[in-house]
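To be precise, the following lines are run24.cif, and they hold mmCIF, C-alpha atoms and all ligand atoms.
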data_target
#
loop_
_atom_site.label_atom_id
_atom_site.label_comp_id
_atom_site.auth_asym_id
_atom_site.auth_seq_id
_atom_site.Cartn_x
_atom_site.Cartn_y
_atom_site.Cartn_z
CA MET A 19 6.01 10.57 -29.99
CA LYS A 20 6.65 6.83 -30.27
CA ALA A 21 4.06 4.30 -29.13
CA VAL A 22 3.41 0.62 -29.64
CA ILE A 23 0.01 0.29 -31.23
CA TYR A 24 -2.30 -2.53 -32.34
CA THR A 25 -5.16 -2.02 -34.78
CA GLU A 26 -6.39 -5.62 -34.95
CA TYR A 27 -6.73 -8.43 -32.40
CA GLY A 28 -4.26 -11.27 -32.59
CA THR A 29 -0.88 -12.70 -31.61
CA PRO A 30 1.96 -10.46 -30.34
CA GLY A 31 2.76 -9.92 -34.04
CA VAL A 32 -0.03 -7.31 -34.20
CA LEU A 33 2.03 -4.95 -31.98
CA ARG A 34 4.11 -2.40 -33.86
CA LEU A 35 6.12 0.69 -33.00
CA GLN A 36 4.72 3.81 -34.63
CA GLU A 37 4.88 7.61 -34.48
CA VAL A 38 1.60 8.98 -33.02
CA ALA A 39 0.41 12.42 -31.90
CA LYS A 40 1.63 13.45 -28.44
CA PRO A 41 -1.38 14.04 -26.14
CA THR A 42 -2.10 17.46 -24.65
CA PRO A 43 -3.34 17.58 -21.03
CA LYS A 44 -6.83 18.98 -20.44
CA GLU A 45 -7.39 21.44 -17.56
CA ASN A 46 -7.62 18.69 -14.92
CA GLU A 47 -4.98 16.38 -16.46
CA ILE A 48 -1.27 15.76 -16.10
CA LEU A 49 1.06 14.79 -18.94
CA ILE A 50 3.42 11.98 -17.94
CA ARG A 51 6.60 10.92 -19.71
CA VAL A 52 6.48 7.15 -19.26
CA ALA A 53 9.79 5.61 -18.15
CA ALA A 54 8.62 2.02 -17.66
CA THR A 55 5.45 -0.02 -18.02
CA ALA A 56 4.61 -3.65 -17.27
CA VAL A 57 3.28 -6.53 -19.37
CA ASN A 58 0.36 -7.83 -17.33
CA TYR A 59 -2.44 -10.35 -17.83
CA GLY A 60 -4.81 -7.58 -19.00
CA ASP A 61 -2.46 -6.54 -21.83
CA LEU A 62 -2.30 -10.09 -23.19
CA ILE A 63 -6.09 -10.48 -22.96
CA ALA A 64 -6.89 -7.06 -24.50
CA ARG A 65 -4.47 -7.68 -27.41
CA ASN A 66 -6.26 -10.91 -28.33
CA PHE A 67 -9.79 -10.18 -27.07
CA GLY A 68 -11.50 -10.60 -30.43
CA HIS A 69 -10.43 -14.27 -30.38
CA ILE A 70 -11.42 -15.03 -26.78
CA SER A 71 -14.87 -16.57 -26.44
CA ALA A 72 -17.18 -16.00 -23.48
CA ALA A 73 -16.47 -19.61 -22.40
CA GLU A 74 -12.70 -19.03 -22.47
CA PHE A 75 -12.96 -15.77 -20.50
CA ASN A 76 -12.31 -16.23 -16.74
CA MET A 77 -15.40 -14.22 -15.76
CA PRO A 78 -19.21 -14.58 -16.23
CA SER A 79 -20.54 -14.10 -19.79
CA PRO A 80 -22.12 -10.65 -19.12
CA PHE A 81 -18.64 -9.43 -18.06
CA TRP A 82 -17.23 -10.79 -21.35
CA LEU A 83 -19.92 -8.90 -23.28
CA LEU A 84 -19.15 -5.65 -21.43
CA ALA A 85 -15.41 -6.14 -21.95
CA ARG A 86 -15.92 -6.86 -25.67
CA LEU A 87 -17.98 -3.66 -26.04
CA SER A 88 -15.45 -1.68 -24.07
CA PHE A 89 -12.33 -3.05 -25.90
CA GLY A 90 -14.01 -2.87 -29.32
CA TRP A 91 -16.12 -5.56 -31.04
CA ARG A 92 -14.26 -6.14 -34.32
CA LYS A 93 -11.06 -4.22 -33.68
CA PRO A 94 -9.53 -2.51 -30.66
CA LYS A 95 -11.02 0.91 -29.88
CA ASN A 96 -7.95 1.98 -27.93
CA PRO A 97 -4.81 1.16 -29.93
CA ILE A 98 -2.27 1.56 -27.11
CA LEU A 99 -1.94 -1.13 -24.40
CA GLY A 100 -0.26 -0.81 -20.97
CA SER A 101 -1.94 0.04 -17.68
CA ALA A 102 0.73 0.06 -14.94
CA PHE A 103 3.50 2.63 -15.35
CA SER A 104 6.14 4.77 -13.68
CA GLY A 105 7.43 8.05 -15.08
CA GLU A 106 7.67 11.80 -14.64
CA VAL A 107 5.16 14.65 -14.95
CA THR A 108 6.21 17.00 -17.75
CA ALA A 109 3.20 19.36 -17.93
CA VAL A 110 -0.06 19.98 -16.05
CA GLY A 111 -3.46 21.48 -16.96
CA ASN A 112 -4.52 24.86 -15.51
CA HIS A 113 -6.73 23.34 -12.79
CA VAL A 114 -4.23 20.73 -11.54
CA LYS A 115 -3.21 21.28 -7.90
CA ARG A 116 -1.61 18.02 -6.69
CA PHE A 117 1.16 17.63 -9.27
CA GLY A 118 3.77 19.77 -11.01
CA PRO A 119 6.38 19.26 -13.74
CA GLY A 120 9.24 17.07 -12.58
CA ASP A 121 7.19 14.99 -10.11
CA PRO A 122 8.14 11.28 -10.23
CA VAL A 123 4.83 9.40 -10.44
CA TRP A 124 3.49 5.88 -10.80
CA GLY A 125 -0.01 4.80 -11.64
CA TYR A 126 -2.56 2.44 -13.09
CA THR A 127 -4.79 3.39 -16.01
CA GLY A 128 -6.98 0.23 -15.88
CA GLN A 129 -9.03 -0.35 -19.03
CA ASN A 130 -8.01 3.05 -20.43
CA MET A 131 -4.54 1.57 -20.96
CA GLY A 132 -2.17 3.84 -22.97
CA ALA A 133 1.20 3.25 -21.25
CA TYR A 134 3.08 1.53 -24.13
CA SER A 135 3.85 5.05 -25.20
CA GLU A 136 6.36 7.83 -24.54
CA TYR A 137 3.67 10.08 -23.04
CA LEU A 138 0.21 9.61 -21.55
CA CYS A 139 -2.36 11.95 -19.97
CA MET A 140 -4.25 11.15 -16.77
CA SER A 141 -6.76 13.03 -14.70
CA GLU A 142 -5.09 14.26 -11.50
CA GLY A 143 -7.88 12.43 -9.62
CA GLY A 144 -7.01 9.11 -11.31
CA THR A 145 -5.00 6.23 -9.86
CA VAL A 146 -1.71 8.14 -9.97
CA THR A 147 0.53 9.34 -7.11
CA ILE A 148 4.15 10.17 -6.33
CA LYS A 149 6.11 6.93 -6.78
CA PRO A 150 7.94 5.14 -3.94
CA ALA A 151 11.28 6.84 -3.23
CA ASN A 152 13.12 3.52 -2.85
CA MET A 153 12.31 2.15 -6.32
CA ILE A 154 13.64 2.99 -9.76
CA HIS A 155 11.00 3.36 -12.50
CA GLU A 156 11.35 -0.23 -13.74
CA GLU A 157 10.76 -1.61 -10.23
CA ALA A 158 7.87 0.78 -9.57
CA ALA A 159 6.03 -0.06 -12.81
CA ALA A 160 6.03 -3.72 -11.78
CA VAL A 161 3.96 -3.07 -8.63
CA PRO A 162 0.57 -1.35 -9.24
CA TYR A 163 -1.38 -4.05 -11.12
CA GLY A 164 -0.70 -7.00 -8.83
CA ALA A 165 -0.67 -5.01 -5.59
CA ILE A 166 -3.90 -3.07 -6.27
CA MET A 167 -5.75 -6.24 -7.33
CA ALA A 168 -4.40 -8.35 -4.45
CA LEU A 169 -5.10 -5.64 -1.85
CA ASN A 170 -8.69 -5.12 -3.02
CA ILE A 171 -9.34 -8.86 -3.19
CA LEU A 172 -7.86 -9.55 0.27
CA ARG A 173 -9.86 -6.65 1.73
CA LYS A 174 -13.05 -8.66 1.05
CA VAL A 175 -12.12 -10.80 4.07
CA ALA A 176 -10.99 -9.80 7.57
CA LEU A 177 -7.67 -11.64 7.55
CA GLN A 178 -6.16 -11.82 11.07
CA PRO A 179 -2.50 -12.16 12.18
CA GLY A 180 -1.50 -15.80 12.54
CA GLN A 181 -4.30 -17.15 10.32
CA LYS A 182 -3.39 -19.73 7.69
CA VAL A 183 -3.77 -18.67 4.06
CA LEU A 184 -3.26 -20.70 0.90
CA ILE A 185 -2.78 -18.83 -2.37
CA ASN A 186 -3.36 -20.93 -5.50
CA GLY A 187 -1.49 -19.17 -8.32
CA ALA A 188 1.11 -17.59 -6.02
CA SER A 189 3.76 -16.92 -8.68
CA GLY A 190 1.65 -14.70 -10.98
CA GLY A 191 1.01 -10.95 -11.04
CA ILE A 192 -1.77 -10.97 -8.42
CA GLY A 193 -0.58 -14.02 -6.47
CA SER A 194 2.96 -12.75 -5.88
CA ALA A 195 1.55 -9.50 -4.44
CA ALA A 196 -1.05 -11.44 -2.41
CA VAL A 197 1.72 -13.59 -0.84
CA GLN A 198 3.58 -10.46 0.32
CA LEU A 199 0.45 -8.64 1.55
CA ALA A 200 -0.86 -11.69 3.43
CA LYS A 201 2.52 -12.32 5.05
CA PHE A 202 3.94 -8.86 5.77
CA HIS A 203 0.84 -6.63 5.99
CA TYR A 204 -1.71 -9.01 7.54
CA GLY A 205 0.79 -11.21 9.42
CA ALA A 206 -0.72 -14.46 8.12
CA ARG A 207 1.03 -17.82 7.65
CA VAL A 208 1.19 -18.28 3.91
CA THR A 209 1.28 -21.34 1.68
CA GLY A 210 1.81 -20.61 -2.01
CA VAL A 211 0.83 -22.99 -4.81
CA CYS A 212 2.63 -22.66 -8.16
CA GLY A 213 4.57 -24.60 -10.81
CA ALA A 214 7.83 -26.30 -9.76
CA PRO A 215 10.21 -23.85 -11.51
CA ARG A 216 8.63 -20.93 -9.58
CA MET A 217 8.78 -22.47 -6.08
CA ASP A 218 12.01 -20.69 -5.03
CA PHE A 219 10.62 -17.42 -6.40
CA VAL A 220 7.45 -17.75 -4.28
CA LYS A 221 9.54 -18.66 -1.21
CA SER A 222 11.66 -15.54 -1.81
CA LEU A 223 8.46 -13.44 -1.66
CA GLY A 224 7.89 -14.62 1.92
CA ALA A 225 5.73 -17.75 1.62
CA ASP A 226 6.21 -20.08 4.61
CA GLN A 227 5.45 -23.14 2.50
CA VAL A 228 5.25 -23.75 -1.23
CA ILE A 229 3.38 -26.53 -3.06
CA ASP A 230 3.98 -27.60 -6.66
CA TYR A 231 0.49 -28.02 -8.17
CA ALA A 232 1.72 -30.75 -10.53
CA GLN A 233 3.06 -32.90 -7.67
CA GLU A 234 0.61 -32.34 -4.85
CA ASP A 235 -3.14 -31.72 -4.67
CA PHE A 236 -3.42 -29.31 -1.73
CA THR A 237 -7.02 -30.41 -1.12
CA GLN A 238 -5.76 -33.93 -0.29
CA ASN A 239 -2.83 -33.20 2.05
CA GLY A 240 -4.84 -33.00 5.29
CA GLU A 241 -3.98 -29.33 5.98
CA THR A 242 -6.69 -26.77 6.72
CA TYR A 243 -6.66 -23.04 5.99
CA ASP A 244 -8.66 -20.03 7.25
CA LEU A 245 -8.53 -18.62 3.73
CA ILE A 246 -7.97 -20.19 0.32
CA LEU A 247 -7.45 -17.57 -2.37
CA ASP A 248 -7.59 -19.03 -5.88
CA ILE A 249 -6.38 -16.58 -8.53
CA LEU A 250 -7.29 -18.52 -11.69
CA GLY A 251 -10.14 -20.55 -10.14
CA LYS A 252 -8.33 -23.83 -10.82
CA SER A 253 -9.79 -25.48 -7.70
CA SER A 254 -13.45 -25.71 -6.66
CA PHE A 255 -15.44 -24.84 -3.52
CA SER A 256 -16.66 -28.40 -3.10
CA ARG A 257 -13.13 -29.87 -3.33
CA CYS A 258 -11.71 -27.18 -0.99
CA LYS A 259 -14.32 -27.54 1.80
CA SER A 260 -12.33 -30.20 3.66
CA SER A 261 -9.22 -27.95 3.40
CA LEU A 262 -11.03 -25.01 5.03
CA THR A 263 -11.35 -24.45 8.79
CA PRO A 264 -14.99 -24.55 10.05
CA ASN A 265 -15.37 -20.78 9.41
CA GLY A 266 -12.95 -20.76 6.48
CA ILE A 267 -13.39 -18.63 3.37
CA TYR A 268 -12.84 -19.65 -0.24
CA LEU A 269 -11.98 -16.45 -2.13
CA LEU A 270 -11.96 -16.34 -5.94
CA ALA A 271 -10.32 -13.76 -8.20
CA SER A 272 -11.65 -15.55 -11.32
CA PHE A 273 -15.15 -16.97 -11.40
CA LYS A 274 -18.16 -17.80 -13.53
CA THR A 275 -21.92 -17.49 -12.95
CA LYS A 276 -21.92 -20.86 -11.16
CA GLN A 277 -19.57 -19.51 -8.46
CA LEU A 278 -21.72 -16.36 -8.08
CA LEU A 279 -24.70 -18.61 -7.36
CA GLN A 280 -22.59 -20.67 -4.94
CA MET A 281 -21.58 -17.43 -3.23
CA ALA A 282 -25.23 -16.45 -2.74
CA TRP A 283 -26.07 -19.94 -1.43
CA SER A 284 -23.06 -20.12 0.93
CA SER A 285 -23.97 -16.71 2.38
CA LEU A 286 -27.30 -18.23 3.50
CA THR A 287 -26.15 -21.68 4.57
CA GLY A 288 -23.23 -23.17 6.47
CA ARG A 289 -20.26 -21.45 8.09
CA GLN A 290 -17.74 -21.85 5.27
CA LYS A 291 -18.20 -19.08 2.71
CA LEU A 292 -17.35 -18.59 -0.94
CA ILE A 293 -16.59 -15.00 -1.99
CA CYS A 294 -16.15 -13.89 -5.62
CA ALA A 295 -14.05 -10.74 -5.43
CA LEU A 296 -13.93 -7.93 -7.96
CA ALA A 297 -11.12 -5.43 -7.47
CA SER A 298 -11.37 -1.69 -8.11
CA ASP A 299 -8.53 0.83 -8.05
CA SER A 300 -7.98 4.26 -6.56
CA ALA A 301 -5.25 6.77 -5.75
CA GLU A 302 -5.80 5.99 -2.04
CA ASP A 303 -4.92 2.34 -2.71
CA LEU A 304 -1.75 3.40 -4.50
CA ILE A 305 -0.73 5.72 -1.63
CA PHE A 306 -1.27 2.84 0.80
CA ILE A 307 0.82 0.51 -1.40
CA LYS A 308 3.56 3.16 -1.71
CA GLU A 309 3.80 3.20 2.11
CA LEU A 310 4.06 -0.61 2.18
CA VAL A 311 6.80 -0.50 -0.49
CA GLU A 312 8.72 2.17 1.43
CA ALA A 313 8.35 0.14 4.64
CA GLY A 314 9.90 -2.85 2.84
CA LYS A 315 6.69 -4.92 3.00
CA ILE A 316 6.31 -5.18 -0.78
CA LYS A 317 9.25 -5.75 -3.05
CA THR A 318 9.34 -6.20 -6.75
CA ILE A 319 11.10 -8.85 -8.76
CA ILE A 320 11.65 -8.18 -12.44
CA ASP A 321 11.92 -11.18 -14.74
CA ARG A 322 13.04 -9.36 -17.91
CA CYS A 323 13.17 -5.84 -19.37
CA TYR A 324 12.52 -5.08 -23.06
CA PRO A 325 12.85 -1.76 -24.90
CA LEU A 326 9.57 -0.29 -26.21
CA ALA A 327 10.46 -1.31 -29.77
CA GLN A 328 10.48 -4.97 -28.61
CA ALA A 329 7.03 -4.96 -26.98
CA ALA A 330 5.98 -7.82 -29.30
CA GLU A 331 8.93 -9.95 -28.06
CA ALA A 332 7.91 -9.11 -24.47
CA HIS A 333 4.39 -10.41 -25.23
CA TRP A 334 5.71 -13.57 -26.92
CA TYR A 335 7.85 -14.20 -23.82
CA ALA A 336 4.89 -13.55 -21.46
CA GLU A 337 2.66 -15.90 -23.47
CA LYS A 338 5.10 -18.78 -23.02
CA GLY A 339 4.18 -18.67 -19.29
CA GLY A 340 6.43 -19.37 -16.35
CA LYS A 341 7.73 -15.87 -15.66
CA LYS A 342 9.46 -15.35 -12.33
CA GLY A 343 8.52 -11.76 -11.61
CA VAL A 344 7.22 -9.00 -13.84
CA ILE A 345 8.07 -8.36 -17.50
CA ILE A 346 8.92 -4.70 -17.99
CA ILE A 347 8.95 -2.47 -21.06
CA GLN A 348 11.49 0.37 -20.77
CA LEU A 349 11.18 3.69 -22.54
CA PRO A 350 14.19 5.78 -23.45
N1 LIG B 1 -11.22 -10.25 -9.56
C1 LIG B 1 -10.65 -9.25 -10.17
O1 LIG B 1 -10.99 -8.07 -9.97
C2 LIG B 1 -9.56 -9.52 -11.16
C3 LIG B 1 -8.75 -8.47 -11.63
C4 LIG B 1 -7.73 -8.78 -12.51
C5 LIG B 1 -7.54 -10.09 -12.93
N2 LIG B 1 -8.37 -11.07 -12.48
C6 LIG B 1 -8.19 -12.45 -12.90
O2 LIG B 1 -6.93 -12.88 -12.43
C7 LIG B 1 -6.37 -13.79 -13.36
C8 LIG B 1 -4.99 -13.34 -13.76
O3 LIG B 1 -4.18 -13.32 -12.62
P1 LIG B 1 -2.62 -12.97 -12.75
O4 LIG B 1 -2.47 -11.65 -13.41
O5 LIG B 1 -2.00 -13.20 -11.42
O6 LIG B 1 -2.16 -14.10 -13.79
P2 LIG B 1 -0.72 -14.63 -14.14
O7 LIG B 1 0.33 -13.62 -13.84
O8 LIG B 1 -0.81 -15.19 -15.50
O9 LIG B 1 -0.50 -15.84 -13.08
C9 LIG B 1 -1.21 -17.04 -13.17
C10 LIG B 1 -0.84 -17.91 -11.97
O10 LIG B 1 -1.63 -19.09 -12.00
C11 LIG B 1 -0.76 -20.20 -11.78
N3 LIG B 1 -1.30 -21.42 -12.34
C12 LIG B 1 -1.32 -21.84 -13.63
N4 LIG B 1 -1.90 -23.05 -13.71
C13 LIG B 1 -2.25 -23.41 -12.45
C14 LIG B 1 -2.86 -24.55 -11.86
N5 LIG B 1 -3.26 -25.59 -12.62
N6 LIG B 1 -3.06 -24.57 -10.53
C15 LIG B 1 -2.68 -23.54 -9.77
N7 LIG B 1 -2.07 -22.43 -10.24
C16 LIG B 1 -1.87 -22.37 -11.57
C17 LIG B 1 0.55 -19.79 -12.37
O11 LIG B 1 1.58 -20.58 -11.82
P3 LIG B 1 2.93 -20.98 -12.61
O12 LIG B 1 3.28 -19.82 -13.53
O13 LIG B 1 3.95 -21.15 -11.52
O14 LIG B 1 2.65 -22.23 -13.38
C18 LIG B 1 0.60 -18.32 -11.91
O15 LIG B 1 1.02 -18.27 -10.56
C19 LIG B 1 -7.32 -13.86 -14.55
O16 LIG B 1 -8.09 -15.03 -14.49
C20 LIG B 1 -8.18 -12.62 -14.39
O17 LIG B 1 -9.47 -12.82 -14.90
C21 LIG B 1 -9.36 -10.82 -11.59
#
Taking this structure as input, can you express it in the form of structure tokens?
Ligand SMILES: NC(=O)c1ccc[n+]([C@@H]2O[C@H](COP(=O)([O-])OP(=O)(O)OC[C@H]3O[C@@H](n4cnc5c(N)ncnc54)[C@H](OP(=O)(O)O)[C@@H]3O)[C@@H](O)[C@H]2O)c1
Amino acid sequence: MKAVIYTEYGTPGVLRLQEVAKPTPKENEILIRVAATAVNYGDLIARNFGHISAAEFNMPSPFWLLARLSFGWRKPKNPILGSAFSGEVTAVGNHVKRFGPGDPVWGYTGQNMGAYSEYLCMSEGGTVTIKPANMIHEEAAAVPYGAIMALNILRKVALQPGQKVLINGASGGIGSAAVQLAKFHYGARVTGVCGAPRMDFVKSLGADQVIDYAQEDFTQNGETYDLILDILGKSSFSRCKSSLTPNGIYLLASFKTKQLLQMAWSSLTGRQKLICALASDSAEDLIFIKELVEAGKIKTIIDRCYPLAQAAEAHWYAEKGGKKGVIIIQLP
């Protein structure tokens, strides 16, 4: 089968199309023919991880160390990137009960990756379910990463209908899903912060207001929010305090040890809290997201599609920044 592999860390130039052995499902596994996969933040980071220092990594140093050991110290252990996918089951192991050949499925392989490939195997208990009926494979593959991360991060707080939420980084993979979940699932009033060229995109996702981070500092505009979710951690708790309501929460998807200490301190003192959120993933989450997609509460916007053979071009395009929606890799 064809797969895009990388055997050294580096620029998108390290990605190349190659013939590799087709995997065989174990007793509890399903074999999936991948129809579409997405280029997400994790793919760009994993491809270049050998050149990313602990200081450059958006998480505390021990997390960087664990990630480096898991990805491979000198060269990548797992040569095939791609974690979010949509496709079709073509074979199942003897013990598999929930899936059969022909089932249209979508899923998220997390750090196991493996979706830049014509076929991949997953345990039937993994983060894989029947895909939403109202999406084609390209649309479906765009959803799992951002929606699973945003859902798990927002679940750390008890967001109530009518509350005011600001999402800093609203145009990215996690932020664009967080805007839709906050607005259409939780019923919040949403302000999105992003770059000027992405303001219309964020509005189209359902944001009530959009702020261009280059033109306006949201911590200085006099508005207050029940929740400030910062995806990249570009703001700070101290600067955001006056933009939070008295019981407001400052929620971080990216953080360092300093913010973990601030979280511990804020849990003991004061009414405004800082929460550093780590997302997990599960099939239950994906089933829940499938229902939201089918109810029209989460939509997907694709920026560009590339064939598998042009995965390197897809990465070069993603690295330029400024995508409006998800970059998709299509398989024949
Ligand atoms: N906590 C967890 O479990 C978890 C899981 C996965 C990932 N993460 C973290 O999430 C981050 C990746 O998120 P993602 O996939 O959504 O990234 P992404 O798709 O690259 O999006 C980044 C977003 O940040 C915005 N941005 C850039 N500069 C900004 C600034 N100065 N002020 C405000 N916003 C700015 C971008 O806006 P424009 O494009 O409009 O400029 C875009 O909306 C990483 O830091 C990663 O470590 C955390």
How would you write, as a ChimeraX atom specification, the set of residues no farther than 7 Å from ligand LIG 1 (chain B) when counting only C-alpha atoms and all ligand atoms? /A:58-59,76-77,164,167,171,186-193,211-216,231,249-250,252,271-272,295-298,339-341
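Between atom CA of A:Asp218 and atom CA of A:Gly343 the separation is 11.6 Å.
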Selection near A:Phe202, 12 Å with all atoms listed in the file, sequence-local residues under 6 positions removed, as an mmCIF file with C-alpha atoms, keeping the file's coordinate frame:
data_model
loop_
_atom_site.group_PDB
_atom_site.id
_atom_site.type_symbol
_atom_site.label_atom_id
_atom_site.label_comp_id
_atom_site.auth_asym_id
_atom_site.auth_seq_id
_atom_site.Cartn_x
_atom_site.Cartn_y
_atom_site.Cartn_z
ATOM 1 C CA GLN A 178 -6.160 -11.820 11.070
ATOM 2 C CA PRO A 179 -2.500 -12.160 12.180
ATOM 3 C CA GLY A 180 -1.500 -15.800 12.540
ATOM 4 C CA ALA A 195 1.550 -9.500 -4.440
ATOM 5 C CA ALA A 196 -1.050 -11.440 -2.410
ATOM 6 C CA VAL A 208 1.190 -18.280 3.910
ATOM 7 C CA LEU A 223 8.460 -13.440 -1.660
ATOM 8 C CA GLY A 224 7.890 -14.620 1.920
ATOM 9 C CA ALA A 225 5.730 -17.750 1.620
ATOM 10 C CA ASP A 226 6.210 -20.080 4.610
ATOM 11 C CA LEU A 310 4.060 -0.610 2.180
ATOM 12 C CA VAL A 311 6.800 -0.500 -0.490
ATOM 13 C CA ALA A 313 8.350 0.140 4.640
ATOM 14 C CA GLY A 314 9.900 -2.850 2.840
ATOM 15 C CA LYS A 315 6.690 -4.920 3.000
ATOM 16 C CA ILE A 316 6.310 -5.180 -0.780
ATOM 17 C CA LYS A 317 9.250 -5.750 -3.050
#
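Between A:Leu292 and the candidates A:Tyr163, A:Tyr268, A:Phe273, A:Trp124, the tightest atom-to-atom separation, counting all atoms listed in the file, involves A:Tyr268.
If you look at atom CA of A:Asp303 and atom CA of A:Ala102, they are 13.7 Å away from each other.
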Compile the contact shell of A:Lys20 as a list of chain:residue names: residues with an atom at most 8 Å away, counting only C-alpha atoms, same-chain residues fewer than 5 positions apart removed. A:Leu35, A:Gln36, A:Glu37, A:Val38, A:Ser135, A:Glu136
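Of the residues under consideration (A:Val344, A:Ala85, A:Leu262, A:Leu172), A:Ala85 shows the shortest atom-to-atom contact distance to A:Ser71 when counting all atoms listed in the file.
Residue nearest A:Gly120 within the list A:Ala329, A:Ile319, A:Leu184, A:Ile48: A:Ile48 [criterion: smallest interatomic distance, all atoms listed in the file].
Considering the residues A:Ile185, A:Ile293, A:Ala53, A:Leu87 and counting all atoms listed in the file, A:Val220 has its shortest atom-to-atom contact with A:Ile185.
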Could you give me, as a short mmCIF file (atom, residue, chain, number, x, y, z; two decimals) with C-alpha atoms, in the coordinates of the input, the residues within 6 Å of A:Gly100, counting only C-alpha atoms and dropping anything in the same chain fewer than 4 positions from it?
data_model
loop_
_atom_site.label_atom_id
_atom_site.label_comp_id
_atom_site.auth_asym_id
_atom_site.auth_seq_id
_atom_site.Cartn_x
_atom_site.Cartn_y
_atom_site.Cartn_z
CA MET A 131 -4.54 1.57 -20.96
CA GLY A 132 -2.17 3.84 -22.97
CA ALA A 133 1.20 3.25 -21.25
CA TYR A 134 3.08 1.53 -24.13
#
Which neighbours of A:Ala109 fall inside 6 Å, counting all atoms listed in the file, when residues of the same chain fewer than 2 positions from it are skipped, and could you give them as an NGL selection string? :A and (49 or 107 or 119)
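Shortest atom-to-atom contact with A:Cys258 among A:Leu83, A:Leu99, A:Ile246, A:Ile229: A:Ile246, counting all atoms listed in the file.
As for atom CA of A:Leu84 and atom CA of A:Phe67, they are spaced 11.8 Å apart.
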Which residues are close to A:Ser256, i.e. within 12 Å by all atoms listed in the file, leaving aside same-chain residues fewer than 5 positions away? Reply as a ChimeraX atom specification. /A:237,261-262,268,277,280,284,290-292
Would you save the residues from that selection as a PDB file, in the coordinates of the input, using C-alpha atoms?
ATOM      1  CA  THR A 237      -7.020 -30.410  -1.120  1.00  0.00           C
ATOM      2  CA  SER A 261      -9.220 -27.950   3.400  1.00  0.00           C
ATOM      3  CA  LEU A 262     -11.030 -25.010   5.030  1.00  0.00           C
ATOM      4  CA  TYR A 268     -12.840 -19.650  -0.240  1.00  0.00           C
ATOM      5  CA  GLN A 277     -19.570 -19.510  -8.460  1.00  0.00           C
ATOM      6  CA  GLN A 280     -22.590 -20.670  -4.940  1.00  0.00           C
ATOM      7  CA  SER A 284     -23.060 -20.120   0.930  1.00  0.00           C
ATOM      8  CA  GLN A 290     -17.740 -21.850   5.270  1.00  0.00           C
ATOM      9  CA  LYS A 291     -18.200 -19.080   2.710  1.00  0.00           C
ATOM     10  CA  LEU A 292     -17.350 -18.590  -0.940  1.00  0.00           C
TER      11      LEU A 292
END
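For the choices A:Ile50, A:Ala73, A:Met217, A:Val123, the atom-to-atom distance to A:Thr147 is smallest for A:Val123 when using all atoms listed in the file.
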Using all atoms listed in the file, list the residues that have an atom at most 10 Å from (0.9, 3.2, -11.5), coordinates as in the file, as an NGL selection string. :A and (54-56 or 101-105 or 123-128 or 133 or 144-149 or 158-163 or 166 or 301 or 304)
Is it possible to add N, CA, C and O atoms to stretch 264-271 of chain A and hand it back as a PDB file, in the frame of the given file?
ATOM      1  N   PRO A 264     -13.521 -24.589  10.001  1.00  0.00           N
ATOM      2  CA  PRO A 264     -14.990 -24.550  10.050  1.00  0.00           C
ATOM      3  C   PRO A 264     -15.581 -23.210   9.598  1.00  0.00           C
ATOM      4  O   PRO A 264     -16.661 -23.176   9.000  1.00  0.00           O
ATOM      5  N   ASN A 265     -14.883 -22.084   9.870  1.00  0.00           N
ATOM      6  CA  ASN A 265     -15.370 -20.780   9.410  1.00  0.00           C
ATOM      7  C   ASN A 265     -14.550 -20.258   8.230  1.00  0.00           C
ATOM      8  O   ASN A 265     -14.507 -19.042   7.980  1.00  0.00           O
ATOM      9  N   GLY A 266     -13.883 -21.165   7.536  1.00  0.00           N
ATOM     10  CA  GLY A 266     -12.950 -20.760   6.480  1.00  0.00           C
ATOM     11  C   GLY A 266     -13.651 -20.132   5.272  1.00  0.00           C
ATOM     12  O   GLY A 266     -14.838 -20.348   5.022  1.00  0.00           O
ATOM     13  N   ILE A 267     -12.856 -19.342   4.546  1.00  0.00           N
ATOM     14  CA  ILE A 267     -13.390 -18.630   3.370  1.00  0.00           C
ATOM     15  C   ILE A 267     -12.632 -19.057   2.120  1.00  0.00           C
ATOM     16  O   ILE A 267     -11.396 -19.148   2.127  1.00  0.00           O
ATOM     17  N   TYR A 268     -13.393 -19.307   1.081  1.00  0.00           N
ATOM     18  CA  TYR A 268     -12.840 -19.650  -0.240  1.00  0.00           C
ATOM     19  C   TYR A 268     -13.033 -18.411  -1.110  1.00  0.00           C
ATOM     20  O   TYR A 268     -14.169 -18.023  -1.411  1.00  0.00           O
ATOM     21  N   LEU A 269     -11.934 -17.759  -1.469  1.00  0.00           N
ATOM     22  CA  LEU A 269     -11.980 -16.450  -2.130  1.00  0.00           C
ATOM     23  C   LEU A 269     -11.496 -16.619  -3.575  1.00  0.00           C
ATOM     24  O   LEU A 269     -10.406 -17.140  -3.811  1.00  0.00           O
ATOM     25  N   LEU A 270     -12.302 -16.153  -4.517  1.00  0.00           N
ATOM     26  CA  LEU A 270     -11.960 -16.340  -5.940  1.00  0.00           C
ATOM     27  C   LEU A 270     -11.704 -15.005  -6.632  1.00  0.00           C
ATOM     28  O   LEU A 270     -12.512 -14.071  -6.513  1.00  0.00           O
ATOM     29  N   ALA A 271     -10.583 -14.937  -7.369  1.00  0.00           N
ATOM     30  CA  ALA A 271     -10.320 -13.760  -8.200  1.00  0.00           C
ATOM     31  C   ALA A 271     -10.870 -13.969  -9.611  1.00  0.00           C
ATOM     32  O   ALA A 271     -11.077 -13.007 -10.346  1.00  0.00           O
TER      33      ALA A 271
END
